[in-house]
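First comes the structure, then the notes that go with it.
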Amino acid sequence: MKISKYLPLSIVATFFVPIVGFFLSVAAISKKGMNRAPFILISFFYFCFLIKIPPYGDSYRRFLDYQSFTSATHVLDFLSGHPDIFFYLTIVIFKTLYIPYFIMPAAYGALMIYFVLASLRNGTIIADVEMSGKKKIIAYLLILSAFDIINFALGLRFGLSIAMAVYGITTYYSGAKKKGLAAMIVAITVHFSMAFVLMCFFASKFIKLNKKSVIPLSILTFLISSTALPFILNQFSFLSVAQYALSGYVESGWADASTNLNTLGVFLVRNLLQFGVLILFLMDRKKYPQIDNFLCLFIPATFLMSLSFSAVQRYLVVCNIILLSRTLPSYYDVMFKKKFILLFFTGYIILAGLVLDIYVQRIAIIWGQLWKGYYTSPVTLLYYTDQDFKNYLKDVGSDGNWTKNTQGVGG
């Protein structure tokens, strides 16, 4: 198996100037080369970048879950009643092995990145395209930009479930059917919501659609969402999934969209790529029947979730990453020939970096000084203890917010 000339350099650079090692690792990726090594290096870069992420928002609530398991807790009692058993099993393993909590968001984040990178690699297998040069770098940077890693590392469960479900879908359609199906099933144990993706996957085996039906069906499912979604959820009683979903995503505050300008602006940026890639997918004359049929079913099905702003946004991320894995390799050869495609892709990388990765996540970045992960050696970053992490807890409010930010100190 051919080893890229950039791989030895990326290994050395990762331990001295991590951001340089990151770009060299991207350069070391090739369709027919040894991709596991550069994927692991890139994932390791993100592990180190996230190692000092503060217990902010959802991460603080996950930390309380972690703290709730003690030596007096019966394992089966702790695991029972949770559809997201993977996370709670992780807690059991971490506590048994005396692994501190701060490793968990970083490890989950690294796994997410690995699966996202592997999904795009799967897309190149489906399209039978070998990526190289600048176009390859743009393609991998784009799919990483579309995946809000800080946000998903703070939430842990949902981000990993998305990455695993997308990996499962793309792996299945790239030819490794058993591995792909296994990944989809595991994704459900990470977050129960991925059962919807699996149901759409099985439904696509029996329902045949074409690209012309995507827009009309999406409009229809959007319009009937308010009645169809509660009806569908009430058909499931396993592990109280229906009540869990209804109370968490339909009947709670998470169902409503905020109307302030900041939220609407972020909403537009977050979905700009989704819309652009959808148009490219619908225009693409190249056909990959199985994954295309799945997408033609899954995209309209996603809009069934429109009753809940939170739910539809999350499933749109799944759509986005699968669409990117399918569309980027297909348009790879014309990326530099069609300037509007190149401008759109590179423009989004910059916009997503400024808005989604910096502005939206500014509290976590400032609080944890995460920018140091770009230039600080992993040896230094990993010299971090549970006591260092617990220093964060002095500045965490009961709602998981940074108390200094509410006082106007943190921006």
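Quick note on naming: the chains in the structure tokens go A, B, ... in the order shown, residues restart at 1 in each chain, and ligands are numbered from 1 in order of appearance.
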Out of stretch 53-268 of chain A, which residues get alpha helix (DSSP H) from DSSP, as a CSV table (one decimal) with N, CA and C atoms, in the first residue's frame?
chain,number,residue,atom,x,y,z
A,58,ASP,N,-24.3,21.8,27.3
A,58,ASP,CA,-24.7,20.4,27.4
A,58,ASP,C,-23.5,19.6,28.1
A,59,SER,N,-22.3,20.0,27.9
A,59,SER,CA,-21.2,19.3,28.4
A,59,SER,C,-21.2,19.3,30.0
A,60,TYR,N,-21.7,20.4,30.5
A,60,TYR,CA,-21.9,20.5,32.0
A,60,TYR,C,-22.9,19.5,32.5
A,61,ARG,N,-24.0,19.3,31.7
A,61,ARG,CA,-25.1,18.4,32.1
A,61,ARG,C,-24.5,17.0,31.9
A,62,ARG,N,-23.7,16.7,30.9
A,62,ARG,CA,-23.1,15.4,30.7
A,62,ARG,C,-22.1,15.1,31.9
A,63,PHE,N,-21.4,16.2,32.3
A,63,PHE,CA,-20.5,16.0,33.5
A,63,PHE,C,-21.3,15.6,34.7
A,64,LEU,N,-22.5,16.2,34.9
A,64,LEU,CA,-23.4,15.8,36.1
A,64,LEU,C,-23.8,14.3,35.9
A,65,ASP,N,-24.1,13.9,34.7
A,65,ASP,CA,-24.4,12.4,34.5
A,65,ASP,C,-23.2,11.6,34.9
A,66,TYR,N,-22.0,12.0,34.5
A,66,TYR,CA,-20.7,11.3,34.9
A,66,TYR,C,-20.6,11.3,36.4
A,67,GLN,N,-20.8,12.4,37.1
A,67,GLN,CA,-20.7,12.4,38.5
A,67,GLN,C,-21.7,11.6,39.2
A,68,SER,N,-22.9,11.4,38.6
A,68,SER,CA,-24.0,10.6,39.3
A,68,SER,C,-23.7,9.1,39.4
A,75,VAL,N,-24.7,-1.0,38.1
A,75,VAL,CA,-24.5,-0.7,36.7
A,75,VAL,C,-25.8,-0.8,35.9
A,76,LEU,N,-26.6,-1.9,36.1
A,76,LEU,CA,-27.8,-2.1,35.3
A,76,LEU,C,-28.8,-1.1,35.6
A,77,ASP,N,-28.9,-0.6,36.9
A,77,ASP,CA,-29.8,0.4,37.2
A,77,ASP,C,-29.5,1.7,36.5
A,78,PHE,N,-28.2,2.0,36.5
A,78,PHE,CA,-27.7,3.2,35.8
A,78,PHE,C,-28.0,3.2,34.3
A,79,LEU,N,-27.8,2.0,33.7
A,79,LEU,CA,-28.0,2.0,32.2
A,79,LEU,C,-29.5,1.9,31.8
A,85,ILE,N,-27.8,4.4,25.3
A,85,ILE,CA,-27.0,3.6,26.2
A,85,ILE,C,-25.5,3.7,26.0
A,86,PHE,N,-25.1,4.0,24.8
A,86,PHE,CA,-23.6,4.1,24.5
A,86,PHE,C,-22.9,5.1,25.4
A,87,PHE,N,-23.5,6.3,25.6
A,87,PHE,CA,-22.9,7.3,26.4
A,87,PHE,C,-22.8,6.9,27.9
A,88,TYR,N,-23.9,6.3,28.4
A,88,TYR,CA,-23.9,5.9,29.8
A,88,TYR,C,-23.0,4.7,30.0
A,89,LEU,N,-22.9,3.8,29.0
A,89,LEU,CA,-21.9,2.8,29.1
A,89,LEU,C,-20.5,3.3,29.1
A,90,THR,N,-20.2,4.4,28.4
A,90,THR,CA,-18.9,5.1,28.4
A,90,THR,C,-18.6,5.6,29.8
A,91,ILE,N,-19.6,6.2,30.4
A,91,ILE,CA,-19.4,6.7,31.8
A,91,ILE,C,-19.0,5.5,32.7
A,92,VAL,N,-19.7,4.4,32.6
A,92,VAL,CA,-19.3,3.2,33.4
A,92,VAL,C,-17.9,2.8,33.2
A,93,ILE,N,-17.5,2.7,32.0
A,93,ILE,CA,-16.1,2.3,31.6
A,93,ILE,C,-15.1,3.4,32.2
A,94,PHE,N,-15.4,4.7,31.9
A,94,PHE,CA,-14.5,5.7,32.4
A,94,PHE,C,-14.3,5.7,33.9
A,95,LYS,N,-15.5,5.6,34.6
A,95,LYS,CA,-15.4,5.6,36.1
A,95,LYS,C,-14.7,4.3,36.6
A,96,THR,N,-14.9,3.2,36.0
A,96,THR,CA,-14.3,1.9,36.4
A,96,THR,C,-12.8,2.0,36.2
A,103,ILE,N,-11.5,13.8,29.3
A,103,ILE,CA,-11.1,13.0,28.2
A,103,ILE,C,-12.3,12.7,27.3
A,104,MET,N,-13.5,12.7,27.8
A,104,MET,CA,-14.6,12.2,27.1
A,104,MET,C,-15.0,13.1,25.9
A,105,PRO,N,-15.2,14.5,26.1
A,105,PRO,CA,-15.5,15.3,25.0
A,105,PRO,C,-14.4,15.3,23.9
A,106,ALA,N,-13.2,15.3,24.3
A,106,ALA,CA,-12.1,15.2,23.4
A,106,ALA,C,-12.1,13.9,22.6
A,107,ALA,N,-12.3,12.8,23.3
A,107,ALA,CA,-12.3,11.5,22.6
A,107,ALA,C,-13.5,11.4,21.7
A,108,TYR,N,-14.7,11.8,22.1
A,108,TYR,CA,-15.9,11.8,21.3
A,108,TYR,C,-15.6,12.7,20.0
A,109,GLY,N,-15.1,13.9,20.2
A,109,GLY,CA,-14.8,14.8,19.1
A,109,GLY,C,-13.8,14.2,18.1
A,110,ALA,N,-12.8,13.5,18.6
A,110,ALA,CA,-11.8,12.8,17.7
A,110,ALA,C,-12.5,11.7,16.9
A,111,LEU,N,-13.4,10.9,17.5
A,111,LEU,CA,-14.1,9.9,16.8
A,111,LEU,C,-15.0,10.5,15.7
A,112,MET,N,-15.7,11.6,16.1
A,112,MET,CA,-16.5,12.3,15.1
A,112,MET,C,-15.8,12.7,13.9
A,113,ILE,N,-14.6,13.3,14.1
A,113,ILE,CA,-13.8,13.7,12.9
A,113,ILE,C,-13.3,12.5,12.1
A,114,TYR,N,-12.9,11.5,12.7
A,114,TYR,CA,-12.5,10.3,12.0
A,114,TYR,C,-13.6,9.8,11.1
A,115,PHE,N,-14.8,9.7,11.6
A,115,PHE,CA,-16.0,9.1,10.8
A,115,PHE,C,-16.4,10.1,9.7
A,116,VAL,N,-16.3,11.4,10.0
A,116,VAL,CA,-16.6,12.4,8.9
A,116,VAL,C,-15.6,12.3,7.8
A,117,LEU,N,-14.3,12.2,8.1
A,117,LEU,CA,-13.3,12.0,7.1
A,117,LEU,C,-13.5,10.7,6.3
A,118,ALA,N,-13.8,9.7,7.0
A,118,ALA,CA,-14.0,8.4,6.3
A,118,ALA,C,-15.2,8.4,5.5
A,119,SER,N,-16.2,9.2,5.8
A,119,SER,CA,-17.4,9.3,5.0
A,119,SER,C,-17.1,9.9,3.6
A,120,LEU,N,-16.3,11.0,3.6
A,120,LEU,CA,-15.9,11.6,2.3
A,120,LEU,C,-15.0,10.6,1.5
A,121,ARG,N,-14.2,9.9,2.2
A,121,ARG,CA,-13.4,8.8,1.6
A,121,ARG,C,-14.3,7.8,0.9
A,122,ASN,N,-15.4,7.4,1.6
A,122,ASN,CA,-16.3,6.5,1.1
A,122,ASN,C,-17.0,7.1,-0.2
A,123,GLY,N,-17.2,8.4,-0.1
A,123,GLY,CA,-17.8,9.0,-1.3
A,123,GLY,C,-16.9,8.9,-2.5
A,124,THR,N,-15.6,9.0,-2.3
A,124,THR,CA,-14.7,8.8,-3.5
A,124,THR,C,-14.7,7.4,-4.0
A,125,ILE,N,-15.0,6.4,-3.2
A,125,ILE,CA,-15.1,5.0,-3.6
A,125,ILE,C,-16.4,4.9,-4.4
A,126,ILE,N,-17.5,5.5,-3.9
A,126,ILE,CA,-18.8,5.4,-4.6
A,126,ILE,C,-18.6,6.0,-6.0
A,127,ALA,N,-18.0,7.2,-6.1
A,127,ALA,CA,-17.8,7.9,-7.4
A,127,ALA,C,-16.6,7.4,-8.2
A,133,GLY,N,-4.0,16.9,-4.8
A,133,GLY,CA,-3.7,18.3,-5.0
A,133,GLY,C,-4.6,19.3,-4.2
A,134,LYS,N,-4.8,20.5,-4.8
A,134,LYS,CA,-5.6,21.5,-4.1
A,134,LYS,C,-7.0,21.2,-3.9
A,135,LYS,N,-7.6,20.5,-5.0
A,135,LYS,CA,-9.0,20.2,-4.9
A,135,LYS,C,-9.3,19.2,-3.8
A,136,LYS,N,-8.4,18.3,-3.5
A,136,LYS,CA,-8.6,17.3,-2.4
A,136,LYS,C,-8.6,18.1,-1.1
A,137,ILE,N,-7.6,19.1,-0.9
A,137,ILE,CA,-7.6,19.8,0.3
A,137,ILE,C,-8.8,20.6,0.6
A,138,ILE,N,-9.4,21.3,-0.5
A,138,ILE,CA,-10.6,22.0,-0.4
A,138,ILE,C,-11.7,21.1,0.0
A,139,ALA,N,-11.8,19.9,-0.6
A,139,ALA,CA,-12.9,19.0,-0.3
A,139,ALA,C,-12.9,18.6,1.1
A,140,TYR,N,-11.8,18.2,1.7
A,140,TYR,CA,-11.7,17.8,3.1
A,140,TYR,C,-11.9,18.9,4.0
A,141,LEU,N,-11.4,20.1,3.7
A,141,LEU,CA,-11.6,21.3,4.6
A,141,LEU,C,-13.1,21.7,4.6
A,142,LEU,N,-13.7,21.5,3.4
A,142,LEU,CA,-15.2,21.8,3.3
A,142,LEU,C,-16.0,20.9,4.2
A,143,ILE,N,-15.8,19.6,4.2
A,143,ILE,CA,-16.6,18.8,5.0
A,143,ILE,C,-16.3,18.9,6.5
A,144,LEU,N,-15.1,19.3,6.8
A,144,LEU,CA,-14.8,19.6,8.2
A,144,LEU,C,-15.4,20.9,8.7
A,145,SER,N,-15.5,21.9,7.8
A,145,SER,CA,-16.1,23.2,8.1
A,145,SER,C,-17.6,23.0,8.3
A,149,ILE,N,-17.5,21.2,15.1
A,149,ILE,CA,-16.9,20.2,16.0
A,149,ILE,C,-17.0,20.7,17.5
A,150,ILE,N,-16.8,22.0,17.7
A,150,ILE,CA,-16.9,22.5,19.1
A,150,ILE,C,-18.3,22.3,19.7
A,151,ASN,N,-19.3,22.6,18.9
A,151,ASN,CA,-20.7,22.5,19.3
A,151,ASN,C,-21.0,21.0,19.6
A,152,PHE,N,-20.6,20.1,18.7
A,152,PHE,CA,-20.9,18.7,18.9
A,152,PHE,C,-20.0,18.1,20.0
A,153,ALA,N,-18.8,18.5,20.2
A,153,ALA,CA,-18.0,18.0,21.3
A,153,ALA,C,-18.6,18.4,22.6
A,154,LEU,N,-19.2,19.6,22.7
A,154,LEU,CA,-19.9,20.0,23.9
A,154,LEU,C,-21.1,19.1,24.2
A,155,GLY,N,-21.8,18.7,23.1
A,155,GLY,CA,-23.0,17.9,23.3
A,155,GLY,C,-22.8,16.4,23.3
A,157,ARG,N,-23.2,13.3,22.6
A,157,ARG,CA,-24.0,12.2,22.0
A,157,ARG,C,-24.4,12.4,20.6
A,158,PHE,N,-25.1,13.6,20.4
A,158,PHE,CA,-25.7,13.8,19.1
A,158,PHE,C,-24.6,13.9,17.9
A,159,GLY,N,-23.6,14.6,18.2
A,159,GLY,CA,-22.5,14.8,17.2
A,159,GLY,C,-21.9,13.4,16.8
A,160,LEU,N,-21.6,12.6,17.8
A,160,LEU,CA,-21.1,11.3,17.5
A,160,LEU,C,-22.1,10.4,16.7
A,161,SER,N,-23.3,10.5,17.1
A,161,SER,CA,-24.4,9.7,16.4
A,161,SER,C,-24.5,10.1,15.0
A,162,ILE,N,-24.4,11.4,14.7
A,162,ILE,CA,-24.5,11.9,13.3
A,162,ILE,C,-23.3,11.3,12.5
A,163,ALA,N,-22.1,11.5,13.1
A,163,ALA,CA,-20.9,11.0,12.3
A,163,ALA,C,-21.0,9.5,12.1
A,164,MET,N,-21.4,8.8,13.0
A,164,MET,CA,-21.5,7.3,12.9
A,164,MET,C,-22.6,6.9,11.9
A,165,ALA,N,-23.7,7.6,11.9
A,165,ALA,CA,-24.8,7.3,11.0
A,165,ALA,C,-24.4,7.6,9.5
A,166,VAL,N,-23.8,8.8,9.3
A,166,VAL,CA,-23.3,9.1,8.0
A,166,VAL,C,-22.3,8.2,7.5
A,167,TYR,N,-21.4,7.8,8.4
A,167,TYR,CA,-20.3,6.8,8.1
A,167,TYR,C,-21.0,5.5,7.7
A,168,GLY,N,-22.0,5.1,8.5
A,168,GLY,CA,-22.7,3.8,8.2
A,168,GLY,C,-23.4,3.8,6.8
A,169,ILE,N,-24.1,4.9,6.5
A,169,ILE,CA,-24.7,5.1,5.2
A,169,ILE,C,-23.7,5.0,4.0
A,170,THR,N,-22.7,5.8,4.1
A,170,THR,CA,-21.7,5.9,3.0
A,170,THR,C,-20.9,4.6,2.9
A,171,THR,N,-20.6,4.0,4.1
A,171,THR,CA,-19.9,2.7,4.0
A,171,THR,C,-20.7,1.6,3.4
A,172,TYR,N,-22.0,1.6,3.7
A,172,TYR,CA,-22.9,0.6,3.1
A,172,TYR,C,-22.9,0.8,1.6
A,173,TYR,N,-23.1,2.0,1.1
A,173,TYR,CA,-23.2,2.2,-0.3
A,173,TYR,C,-21.8,2.2,-1.1
A,177,LYS,N,-21.2,-3.6,3.2
A,177,LYS,CA,-22.6,-3.5,3.6
A,177,LYS,C,-22.7,-3.9,5.1
A,178,LYS,N,-22.1,-5.0,5.5
A,178,LYS,CA,-22.2,-5.4,6.9
A,178,LYS,C,-21.6,-4.4,7.9
A,179,LYS,N,-20.5,-3.8,7.5
A,179,LYS,CA,-19.8,-2.8,8.4
A,179,LYS,C,-20.7,-1.6,8.4
A,180,GLY,N,-21.3,-1.2,7.3
A,180,GLY,CA,-22.1,0.0,7.2
A,180,GLY,C,-23.4,-0.2,8.1
A,181,LEU,N,-24.0,-1.3,8.0
A,181,LEU,CA,-25.2,-1.6,8.8
A,181,LEU,C,-24.9,-1.6,10.3
A,182,ALA,N,-23.8,-2.2,10.6
A,182,ALA,CA,-23.4,-2.3,12.0
A,182,ALA,C,-23.2,-0.8,12.6
A,183,ALA,N,-22.5,0.0,11.8
A,183,ALA,CA,-22.3,1.4,12.2
A,183,ALA,C,-23.6,2.1,12.4
A,184,MET,N,-24.6,1.9,11.6
A,184,MET,CA,-25.9,2.6,11.7
A,184,MET,C,-26.6,2.1,13.0
A,185,ILE,N,-26.5,0.8,13.3
A,185,ILE,CA,-27.2,0.3,14.5
A,185,ILE,C,-26.5,0.8,15.7
A,186,VAL,N,-25.2,0.9,15.8
A,186,VAL,CA,-24.4,1.5,16.9
A,186,VAL,C,-24.8,2.9,17.1
A,187,ALA,N,-25.0,3.7,16.0
A,187,ALA,CA,-25.4,5.1,16.0
A,187,ALA,C,-26.7,5.3,16.8
A,188,ILE,N,-27.6,4.3,16.7
A,188,ILE,CA,-28.8,4.4,17.4
A,188,ILE,C,-28.6,4.4,18.9
A,189,THR,N,-27.6,3.6,19.4
A,189,THR,CA,-27.3,3.4,20.8
A,189,THR,C,-26.6,4.7,21.3
A,190,VAL,N,-26.0,5.5,20.4
A,190,VAL,CA,-25.4,6.7,20.8
A,190,VAL,C,-26.4,7.8,21.0
A,195,ALA,N,-32.4,6.4,14.8
A,195,ALA,CA,-33.4,5.3,14.4
A,195,ALA,C,-34.2,5.8,13.2
A,196,PHE,N,-34.4,7.1,13.1
A,196,PHE,CA,-35.1,7.7,12.0
A,196,PHE,C,-34.3,7.5,10.7
A,197,VAL,N,-33.0,7.7,10.8
A,197,VAL,CA,-32.1,7.5,9.6
A,197,VAL,C,-32.2,6.1,9.2
A,198,LEU,N,-32.1,5.2,10.1
A,198,LEU,CA,-32.2,3.7,9.8
A,198,LEU,C,-33.5,3.3,9.1
A,199,MET,N,-34.6,3.9,9.7
A,199,MET,CA,-35.9,3.6,9.1
A,199,MET,C,-36.0,4.1,7.6
A,200,CYS,N,-35.4,5.3,7.4
A,200,CYS,CA,-35.4,5.8,6.0
A,200,CYS,C,-34.5,5.0,5.1
A,201,PHE,N,-33.4,4.5,5.7
A,201,PHE,CA,-32.5,3.6,4.9
A,201,PHE,C,-33.3,2.3,4.5
A,202,PHE,N,-34.0,1.7,5.4
A,202,PHE,CA,-34.8,0.5,5.0
A,202,PHE,C,-35.9,0.8,4.1
A,203,ALA,N,-36.6,2.0,4.3
A,203,ALA,CA,-37.7,2.4,3.4
A,203,ALA,C,-37.2,2.6,2.0
A,214,VAL,N,-37.9,15.5,-5.1
A,214,VAL,CA,-37.4,15.9,-3.8
A,214,VAL,C,-38.0,17.2,-3.4
A,215,ILE,N,-38.1,18.3,-4.2
A,215,ILE,CA,-38.6,19.6,-3.8
A,215,ILE,C,-40.1,19.5,-3.5
A,216,PRO,N,-41.0,18.9,-4.4
A,216,PRO,CA,-42.4,18.8,-4.1
A,216,PRO,C,-42.7,18.0,-2.8
A,217,LEU,N,-42.0,16.9,-2.6
A,217,LEU,CA,-42.2,16.1,-1.4
A,217,LEU,C,-41.7,16.8,-0.2
A,218,SER,N,-40.6,17.6,-0.3
A,218,SER,CA,-40.1,18.3,0.9
A,218,SER,C,-41.1,19.4,1.3
A,219,ILE,N,-41.7,20.1,0.3
A,219,ILE,CA,-42.8,21.1,0.6
A,219,ILE,C,-44.0,20.4,1.3
A,220,LEU,N,-44.4,19.3,0.8
A,220,LEU,CA,-45.5,18.6,1.3
A,220,LEU,C,-45.3,18.1,2.8
A,221,THR,N,-44.1,17.5,3.0
A,221,THR,CA,-43.8,17.0,4.4
A,221,THR,C,-43.6,18.2,5.4
A,222,PHE,N,-43.1,19.3,4.9
A,222,PHE,CA,-43.1,20.5,5.7
A,222,PHE,C,-44.4,21.0,6.1
A,223,LEU,N,-45.4,21.0,5.2
A,223,LEU,CA,-46.7,21.4,5.5
A,223,LEU,C,-47.5,20.5,6.4
A,224,ILE,N,-47.2,19.2,6.4
A,224,ILE,CA,-48.0,18.3,7.2
A,224,ILE,C,-47.3,17.9,8.5
A,225,SER,N,-46.1,18.5,8.8
A,225,SER,CA,-45.3,18.2,9.9
A,225,SER,C,-46.0,18.3,11.2
A,226,SER,N,-46.8,19.3,11.4
A,226,SER,CA,-47.5,19.6,12.7
A,226,SER,C,-48.5,18.5,13.1
A,227,THR,N,-49.0,17.8,12.1
A,227,THR,CA,-49.9,16.7,12.5
A,227,THR,C,-49.2,15.3,12.3
A,228,ALA,N,-48.4,15.2,11.3
A,228,ALA,CA,-47.7,13.9,11.0
A,228,ALA,C,-46.7,13.5,12.1
A,229,LEU,N,-45.9,14.5,12.6
A,229,LEU,CA,-44.8,14.1,13.5
A,229,LEU,C,-45.3,13.5,14.8
A,230,PRO,N,-46.3,14.2,15.5
A,230,PRO,CA,-46.8,13.6,16.8
A,230,PRO,C,-47.4,12.2,16.5
A,231,PHE,N,-48.1,12.1,15.4
A,231,PHE,CA,-48.8,10.8,15.1
A,231,PHE,C,-47.7,9.7,14.9
A,232,ILE,N,-46.6,10.0,14.2
A,232,ILE,CA,-45.6,9.0,14.0
A,232,ILE,C,-44.9,8.6,15.3
A,233,LEU,N,-44.6,9.6,16.1
A,233,LEU,CA,-43.9,9.4,17.3
A,233,LEU,C,-44.7,8.5,18.3
A,241,VAL,N,-39.5,6.0,24.0
A,241,VAL,CA,-38.9,6.9,23.0
A,241,VAL,C,-39.9,8.0,22.6
A,242,ALA,N,-41.1,7.6,22.4
A,242,ALA,CA,-42.1,8.7,21.9
A,242,ALA,C,-42.2,9.8,22.9
A,243,GLN,N,-42.4,9.5,24.2
A,243,GLN,CA,-42.5,10.5,25.2
A,243,GLN,C,-41.2,11.3,25.3
A,244,TYR,N,-40.1,10.6,25.2
A,244,TYR,CA,-38.8,11.2,25.3
A,244,TYR,C,-38.6,12.3,24.2
A,245,ALA,N,-39.0,11.9,23.0
A,245,ALA,CA,-38.8,12.8,21.8
A,245,ALA,C,-39.8,13.9,21.9
A,261,LEU,N,-32.0,38.4,15.6
A,261,LEU,CA,-31.2,38.5,14.3
A,261,LEU,C,-30.0,37.6,14.4
A,262,ASN,N,-29.4,37.5,15.5
A,262,ASN,CA,-28.2,36.7,15.6
A,262,ASN,C,-28.5,35.2,15.3
A,263,THR,N,-29.6,34.7,15.9
A,263,THR,CA,-30.0,33.3,15.6
A,263,THR,C,-30.4,33.1,14.2
A,264,LEU,N,-31.1,34.1,13.6
A,264,LEU,CA,-31.5,34.0,12.2
A,264,LEU,C,-30.3,34.0,11.3
A,265,GLY,N,-29.4,34.9,11.6
A,265,GLY,CA,-28.1,35.0,10.8
A,265,GLY,C,-27.4,33.7,10.8
A,266,VAL,N,-27.2,33.1,12.0
A,266,VAL,CA,-26.5,31.8,12.1
A,266,VAL,C,-27.3,30.7,11.4
A,267,PHE,N,-28.6,30.7,11.5
A,267,PHE,CA,-29.4,29.8,10.8
A,267,PHE,C,-29.2,29.8,9.3
A,268,LEU,N,-29.1,31.0,8.7
A,268,LEU,CA,-28.9,31.2,7.3
A,268,LEU,C,-27.5,30.7,6.9
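Across the structure, atom CA of A:Gly347 and atom CA of A:Leu272 are spaced 10.8 Å apart.
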So how far away is atom CA of A:Thr14 from atom CA of A:Ile321, in Å?
->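 So the answer is 26.3 Å.
One finds atom CA of A:Phe23 at 15.5 Å from atom CA of A:Arg36.
Nearest residue to A:Arg326 among A:Phe39, A:Phe344, A:Tyr288, A:Phe275 is A:Tyr288, counting only C-alpha atoms.
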Extract, using only C-alpha atoms, all DNA, RNA and protein residues at most 12 Å from A:Leu9, discarding same-chain residues fewer than 2 positions from it, and format them as a list in words.
-> Ile3, Ser4, Lys5, Tyr6, Leu7, Ile11, Val12, Ala13, Thr14, Phe15, Phe16, Val17, Pro18, Val20, Gly21, Phe22, Phe23, Leu24, Ser25, Val26, Ala27, Ala28, Pro38 and Leu41 of chain A
Kindly indicate which residue among A:Gln369, A:Thr302, A:Gln361, A:Ser398 lies nearest to A:Met194, using only C-alpha atoms for the distances.
-> A:Thr302
Nearby residues (only C-alpha atoms) at most 10 Å from stretch 387-391 of chain A, same-chain spacing under 4 positions excluded, as a PyMOL selection string = chain A and resi 51-55+100-102+368+383+395-396
